[in-house]
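In what follows, a structure is listed as structure tokens, so that the remarks can point back to it.
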Amino acid sequence: MAQQSHCPLDCPDLCSLDVEVEDGRVVSVDGNEQNALTDGYICSKVRGLPEHLYGDERLLYPMVRSGAKGSGQFERASWDDALDLIAEQMRGARDHYGGESILPLSYGGSNGLLTQDTTDARLWRRVGASNLARNVCAVPTTTAATEMYGKMPGVAFQDYPEAELIIVWGGNPGATGIHVLPHIREAQRRGAKLVVIDPRSHKLARSADLHLPIRPATDVALALALGNWVFEAGHADQDFLAEHAVQVEAYRERASGWTLERAADLAGLELEQVQQVAEWYAAASPAVIRCGWGLERNRNGCGAAAAVMALPAIAGKFGVRGGGYTMSNSGAAGLSAGDAANEPETDARTINMNRLGRELLEQEDPPVKVLFVYNCNAVATMPDQERVLAGLARDDLFTVVYEQVNNDTVPWADVVLPATAMLEHSELSNGYGAMVVQHHGPVAVPVGEARPNYDVFQDLCVRLDLTKPDDPVGADALAAAILGTNGYAETLAADGIAPAVCGERPVQMVDTHPRTADQKVHLLPASLEQETGGNFYAYRDDPATSDHPLALISPASGKMITSTFGQTIRRQWAMHMHPADAEARGVADGDKVRMYNDLGEVHVLVKVTDRVRSGVVFLPKGLWSHHTLNGRTTNALCSDAPTDCGEGATFNDARVQVELLAD
Ligand SMILES: Nc1nc2c(c(=O)[nH]1)N[C@H]1C(S)=C(S)[C@@H](COP(=O)(O)OP(=O)(O)OC[C@H]3O[C@@H](n4cnc5c(=O)[nH]c(N)nc54)[C@H](O)[C@@H]3O)O[C@H]1N2
Ligand SMILES: Nc1nc2c(c(=O)[nH]1)N[C@H]1C(S)=C(S)[C@@H](COP(=O)(O)OP(=O)(O)OC[C@H]3O[C@@H](n4cnc5c(=O)[nH]c(N)nc54)[C@H](O)[C@@H]3O)O[C@H]1N2
Ligand code: SF4
Ligand SMILES: [Mo]
């Protein structure tokens, strides 16, 4: 009989799973109906999970470096020896340089609540390690959503069929969260219009009534222009604004210079298209905007996200089922892994992970001496890859890589620890699309000697004498500490799944309200205005130069979750380039090219296609070194420059030149 579980991967959908297990091994994975959004099917990535779990690249034992740094030569070690060595190095670093010389580097891993910010946070806080700002993803959008709406939960995907108009803005759910698609299709069958705003003509864009192939990073101008037009044309919902919003006049003033003409010109769009979207949006109710993460990863990203999320307030789209916006729903369940750490946050310095390379190479107060990488494939996913690699090559840096598979970060380790994967450990997760919580124990036997994060970090706490008698220890105690007394525990124990406290399909402004201090929508948040020196919503100019004229964007691929599952894709990856840009460079489909800027270069195959707008090239995030010709990937070309607010990553703001690669 199939065992029930869930998929905790970094994907909005949080699928509920049926897992067939034989002799402790997963033989097949499929969706079930427990989570209504899953509706019995899952993506092909996770259907292929057995290859990830049992493939040749899976790490089976702890290992200690036996060759030069980066050589990937290791000798097998016992868990006791490996952990003793790590504890000794951490103690040494702390005693000589202070706790801040220890840098834990993690992002989401498989994104569950038990495998990050629980016992690991306990260890890092008690040892006085540097804090980590996990700013590679979602910081600009979260900053905007928090300051404007207090992260009010969004429109449920299941309510999209109610909408008359759906705008998918800077998101590609056909790859990144497939379970909204049937609901968009159902809306279309009922007569709804679909608008997609994206520099690429992805599959969903090709099925839209209107696709606006926007020039990257100009969304702030387009959204302000739509808001301005709504006011000017007399479509603003003055009653709603008077009762529920603040800074209305300040917003109007900031938006007032943006006519549809000016925005269309800057964004490289046809005025008629922009005019059409404005009119449709004003007229339709319910109307929903799905705001994705593609528009945040540039110098104007936070302003763009805020300007998009301001639209439903201005145009009066809340208060009906299927009306409003959807951004991240990660706050919907009200759960926090940190509640299980049993140790308050510290005031140790904070290192922004976007600056990993620079921090490893340049930080002296104190220098980073121990780097502990887990839940993160840093070489593949952090910006400024050449600096990251140079930092990892430092002989005086002791690096631990705690991983499931032998990825591009592993060869740089001094000690490698094998981690359990989803289905091999307990996990508690809340969705950031689906508004549900799920909790399941392990259903498969861990491969080799792989162990779960929550146990390994506890062992390190013991070795470093950092335990306290009332610490929750082990998966069940950690889950109980996170769930607290807020009512989920009983339902989860019975069913493995529970709706978020706001319900699975809340109506914005009816069932959920802004969680800002005054419960109002802040159209021009004071904190963001302050952070930008009184310049929030400003458009910052295109950084292109004649040497590096093309905008390189690196959104998700449908085959991986960032870099996760990259080992299962063995072919070379092709960069997408518009025919006009290819022709200007004498490049043909299938050619090998050199794509470069001042930070680095990537040698890669080209696919010539009009599915990306001219002036823009596309190579996805998360590639592995074996996907390109020179072993460097997109991040070799992405800088560590911050976004307008929140110090987020600007992956989609790289500017490059492309030329044929000489044979
Ligand atoms: N299959 C798969 N699923 C995933 C992931 C994955 O890697 N693979 N990653 C997960 C994670 S970590 C995240 S954060 C989410 C991200 O999910 P999405 O929000 O879908 O984000 P992206 O794929 O980064 O980008 C979405 C779209 O934005 C477009 N875009 C790029 N720049 C701009 C711009 O300036 N303006 C506008 N309007 N559009 C722009 C891109 O062309 C792309 O089609 O997906 C999650 N789901
Ligand atoms: N160029 C470019 N780069 C990007 C982006 C972009 O748009 N462009 N987007 C960024 C985004 S949106 C994100 S979210 C980040 C993601 O960056 P990462 O967090 O590095 O994401 P993954 O590539 O999924 O790597 C997660 C790793 O954690 C490991 N792991 C999973 N579960 C566990 C566990 O329980 N224990 C341990 N020890 N390890 C585990 C997996 O095997 C995997 O190698 O990348 C960013 N990088
Ligand atoms: S990655 Fe997303 S779509 Fe695929 S199984 Fe996991 S939650 Fe579902
Ligand atoms: Mo992400």
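Residues in the structure tokens are numbered from 1 in each chain, the chains being A, B, ... in the order shown, and ligands are numbered from 1 in the order shown.
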Near Gly441 (chain A), counting only C-alpha atoms, which residues have an atom at most 10 Å away, once you skip same-chain residues fewer than 5 positions from it, shown as a PyMOL selection string? chain A and resi 4-6+423-428+475-476+496
Expected file: the selected residues, N, CA and C atoms, as a short mmCIF file (atom, residue, chain, number, x, y, z; two decimals), in the first residue's frame:
data_model
loop_
_atom_site.label_atom_id
_atom_site.label_comp_id
_atom_site.auth_asym_id
_atom_site.auth_seq_id
_atom_site.Cartn_x
_atom_site.Cartn_y
_atom_site.Cartn_z
N GLN A 4 1.66 7.74 2.74
CA GLN A 4 1.41 9.16 2.50
C GLN A 4 2.56 10.01 2.96
N SER A 5 2.86 11.02 2.17
CA SER A 5 3.89 11.98 2.57
C SER A 5 3.63 13.29 1.84
N HIS A 6 4.63 14.16 1.80
CA HIS A 6 4.46 15.41 1.07
C HIS A 6 5.79 15.83 0.48
N LEU A 423 11.58 12.25 2.27
CA LEU A 423 11.03 10.90 2.43
C LEU A 423 11.92 10.00 3.29
N GLU A 424 13.20 10.40 3.51
CA GLU A 424 14.07 9.61 4.39
C GLU A 424 14.12 10.18 5.80
N HIS A 425 13.59 11.40 5.97
CA HIS A 425 13.54 11.98 7.31
C HIS A 425 12.14 12.54 7.58
N SER A 426 11.88 12.91 8.82
CA SER A 426 10.60 13.54 9.15
C SER A 426 10.60 14.95 8.60
N GLU A 427 9.43 15.41 8.19
CA GLU A 427 9.37 16.81 7.75
C GLU A 427 8.02 17.42 8.07
N LEU A 428 8.10 18.70 8.43
CA LEU A 428 6.91 19.53 8.68
C LEU A 428 7.06 20.72 7.74
N ALA A 475 13.09 14.74 15.95
CA ALA A 475 12.09 15.29 15.03
C ALA A 475 10.75 15.58 15.70
N ASP A 476 10.29 14.67 16.55
CA ASP A 476 8.95 14.86 17.12
C ASP A 476 8.91 16.04 18.08
N GLY A 496 -2.12 14.10 8.68
CA GLY A 496 -0.85 14.49 8.03
C GLY A 496 -0.95 15.83 7.33
#
With only C-alpha atoms and all ligand atoms counted, collect every polymer residue having an atom within 6 Å of ligand 2; state the result as number ranges by chain. A: 107-110, 115, 136-137, 374-378, 381-382, 402-405, 419-421, 453, 554-555, 561-564, 621-622, 634-635, 651
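The closest residue to Gly338 (chain A), picked from A:Gly268, A:Pro549, A:Pro140, A:Gly484 and counting only C-alpha atoms, is A:Gly484.
Nearest residue to Asp120 (chain A) among A:Ser336, A:Thr532, A:Gln458, A:Ser639 is A:Gln458, counting only C-alpha atoms.
Closest approach to ligand 1 among A:Asn407, A:Asn354, A:Asn172, A:Asn32: A:Asn172, based on only C-alpha atoms and all ligand atoms.
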Would you kindly return, as an NGL selection string, each protein, DNA or RNA residue with an atom no farther than 9 Å from any atom of Thr568 (chain A), considering only C-alpha atoms and excluding same-chain residues fewer than 4 positions away? :A and (51-52 or 55 or 57)
Keeping only N, CA and C atoms, write those residues as a compact mmCIF listing (two decimals), in the first residue's frame.
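Output file again-v2.txt is given in full below:
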# COMPACT_ATOMS: atom_id res chain seq x y z
N GLU A 51 15.66 8.38 -8.92
CA GLU A 51 16.98 8.57 -9.52
C GLU A 51 17.85 9.49 -8.66
N HIS A 52 17.21 10.49 -8.06
CA HIS A 52 17.95 11.38 -7.14
C HIS A 52 18.38 10.61 -5.89
N GLY A 55 20.73 7.32 -7.29
CA GLY A 55 21.68 7.47 -8.39
C GLY A 55 23.13 7.46 -7.91
N GLU A 57 25.34 9.69 -7.98
CA GLU A 57 25.87 10.91 -7.37
C GLU A 57 25.50 11.05 -5.89
Once DSSP has gone over the backbone, tell me which residues of region 367-610 of chain A are in alpha helix (DSSP H), as a PyMOL selection string. chain A and resi 378-381+385-392+453-463+475-483+488-495+526-531+579-584
Contacts of Ala187 (chain A) within 9 Å, only C-alpha atoms, excl. fewer than 5 positions in-chain, as a PyMOL selection string: chain A and resi 160-166+182+192-194
Two-atom distance - CA of Ala305 (chain A), atom 5 (C, counted along the ligand's line) of ligand 1 (Å):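 Taking CA of Ala305 (chain A) and atom 5 (C, counted along the ligand's line) of ligand 1, their separation equals 18.8 Å.
Among the candidates A:Asn406, A:Gln73, A:Ser614, A:Thr176, the one nearest to ligand 1 when counting only C-alpha atoms and all ligand atoms is A:Thr176.
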